Each structure stands twice: as structure tokens, then as C-alpha cells.
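What follows is one structure encoded as C-alpha cells, with my remarks underneath.
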Amino acid sequence: MELMVFLKGNLLALVLLTPDDTSTMQGYMNDHEVTQFLGRDALPMYAHQEKAWLESLPKEGHLVLGIWHRSDEKLIGSCGLHGIDYLNQLAELGILIGDKDYWNGGCGTEAVQLLCAHGFNWLNLRHITLRVLGNNPRGVRCYERCGFVRTGVIPGHVLKAGQWHDEIHMLLTKETLTLTRSSEMETKIAHMAENSR
Ligand SMILES: CC(C)(COP(=O)(O)OP(=O)(O)OC[C@H]1O[C@@H](n2cnc3c(N)ncnc32)[C@H](O)[C@@H]1OP(=O)(O)O)[C@@H](O)C(=O)NCCC(=O)NCCS
């Protein structure tokens with residue numbers, strides 16, 4: 001199926017996911033090295049479950065996109081804004097780079113920046129929140145680079161393999177969002193400046 005690009009950055013494009021992506025995404029969701037950082041890793045992800053999720057898109061209250069590595073032409077994960085609440089202008093960010101070869105290479109930062117800029121600029125969001133486990137300093141660093149600040153922590157909130165992990169809560173606003181300047185992101189920054197006038 002033809003690749004449908006929704007948001008374009010330097011390294012990445014955020015693309016529409018389709019049921020053809022089932023096996024790639026299912027592979028990521030069954031890799032414990034990846035899922036140890038997520039709320040779910042106790043149960044396997046079956047192909048029919050992953051396919052049903054992909055077929056359910058677009059889903060009311062969610063903006064879910066694939067993370068496509070432009071030069072390698074590869075789907076490396078997905079990200080989304082969930083629980084979009086237009087009345088209170090809120091959403092919660094989720095992200096998964098399932099291909100571990102792409103960790104620490106700036107992909108998470110760019111995907112978060114692209115998605116959140118879109119959330120503020122086009123969905124009129126005011127607050128984007130996220131929850132990240134205390135076992136995930138890489139995630140925390142990535143979010144801080146994008147301008148998220150810690151708003152609190154629930155100590156020992158999530159149990160994984162006999163160990164209790166903190167749940168850290170973070171918040172991003174349009175004012176704190178940090179964008180890495182790239183030519184394609186410049187357009188979004190310009191839009192944001194116009195809108196905030
Ligand atoms: C978390 C995730 C989205 C981050 O994406 P990424 O592309 O790996 O992150 P980036 O390269 O943009 O940024 C990571 C930063 O953390 C730093 N980092 C890596 N390991 C670290 C550690 N143990 N302690 C502190 N910082 C660390 C990196 O050096 C980098 O910072 P820098 O560029 O200032 O040096 C991605 O790794 C991922 O999806 N992991 C698996 C699933 C997951 O954790 N999802 C999020 C659940 S909340």
C-alpha cells in the first residue's frame with residue numbers, strides 16, 4: 001500500500017498506519033526489551049489483536065501515527081495523542097520506537113516534537129501530558145529535551161517482574177515545547193507564532 005505521510009520532519013515522517021503494518025507492529029509489541037518500558041508486557045500481542053487495533057483507526061479521541069524513518073524507508077514505531085479532550089484542550093502522549101537499532105538517535109525527540117507541534121497548532125491543545133516509568137531514563141531525557149516538565153511521581157506504582165516502579169507524570173505546553181530547527185519544522189513554528197499573536 002502507498003505510504004501516506006501526514007507530518008514530515010528531518011529524519012522522520014509520521015505516517016498513516018494500515019492493517020498491512022500488523023506484523024511489524026506486532027513484532028515490536030512482543031519484544032520485552034521494548035515493552036518493559038510500557039504499561040503492558042505481561043501478555044502477548046496476537047496478530048488479530050494488533051490488526052483489529054490498526055483497523056479501528058482513525059479512532060475517536062486518538063491521533064495515532066506510524067514513525068517512518070525516511071532515509072532507511074522503514075516503519076520503526078508509532079506515536080499518538082490519546083484521550084483528546086477538546087473541551088479542556090488536553091491529550092496524553094504515547095510513543096514506541098520498537099526497532100531498538102533506532103534508540104538514542106534522536107528519533108524519539110523528533111517524533112514527539114512533530115506530534116506535539118501538530119497538537120498545539122492544529123488541534124488547539126493547551127496541555128499534553130504523559131506518564132513514564134522510573135525504569136526509563138531515556139524516555140524522561142527525550143521528553144525533557146522536548147520541553148516536558150515533571151509534575152509529580154507516584155512512587156512504586158507499577159509492578160514488573162517482582163519490582164515496583166515509580167510512575168512519573170510530565171506536562172508540555174505550547175510555551176515550553178522545544179523544537180529542533182529544521183527547514184520542514186520552520187513552517188510549523190511560523191504557524192505557531194502566527195496563531196499565538
Ligand atoms: C523512549 C523513546 C521514545 C526515546 O526515543 P529515542 O529516539 O531513543 O530518544 P532520543 O535519542 O531522541 O533521546 C534520548 C535521550 O536520552 C539519553 N539517554 C539514553 N539512555 C539514557 C539513560 N540511561 N539515562 C539518561 N539519559 C539517557 C540519550 O543520550 C538522549 O539524550 P541526548 O540526545 O541529550 O544525549 C524510545 O527509546 C522508545 O520508544 N523506547 C521503548 C519504548 C518506550 O520507552 N516508550 C515510551 C514509554 S513512556
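Please note that chains go A, B, ... in the order of the C-alpha cells, that every chain numbers its residues from 1, and that ligands are numbered from 1 in the order shown.
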Item to complete: Mind the document's chain letters and residue numbers, and return as a PyMOL selection string the residues of region 102-146 of chain A that DSSP labels strand (DSSP E).
Response: chain A and resi 127-133
Atoms kept (C-alpha atoms) for selection, written as a short mmCIF file (atom, residue, chain, number, x, y, z; two decimals), in the first residue's frame:
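Saved result, result.cif, follows:
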data_model
loop_
_atom_site.label_atom_id
_atom_site.label_comp_id
_atom_site.auth_asym_id
_atom_site.auth_seq_id
_atom_site.Cartn_x
_atom_site.Cartn_y
_atom_site.Cartn_z
CA HIS A 127 -1.78 20.72 27.78
CA ILE A 128 -0.14 17.47 26.64
CA THR A 129 0.64 15.09 29.48
CA LEU A 130 2.42 11.76 29.67
CA ARG A 131 3.27 9.03 32.14
CA VAL A 132 6.68 7.37 32.10
CA LEU A 133 8.07 4.65 34.33
#
Worksheet entry | Nearby residues (only C-alpha atoms) at most 12 Å from region 3-16 of chain A, same-chain spacing under 4 positions excluded, as an MDAnalysis selection string | chainID A and resid 20:21 54:55 57:58 63:80 95 97 102 105:119 122 179:188
Discussion item. Please compute the CA of Ser56 (chain A)-CA of Pro44 (chain A) distance, one decimal, in Å.
Written reply: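 CA of Pro44 (chain A) lies 19.5 Å from CA of Ser56 (chain A).
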Worksheet entry | Asn124 (chain A) environment, 12 Å, only C-alpha atoms, sequence neighbours closer than 5 positions dropped, as a PyMOL selection string | chain A and resi 84-91+116-119+173-174+192+195-196
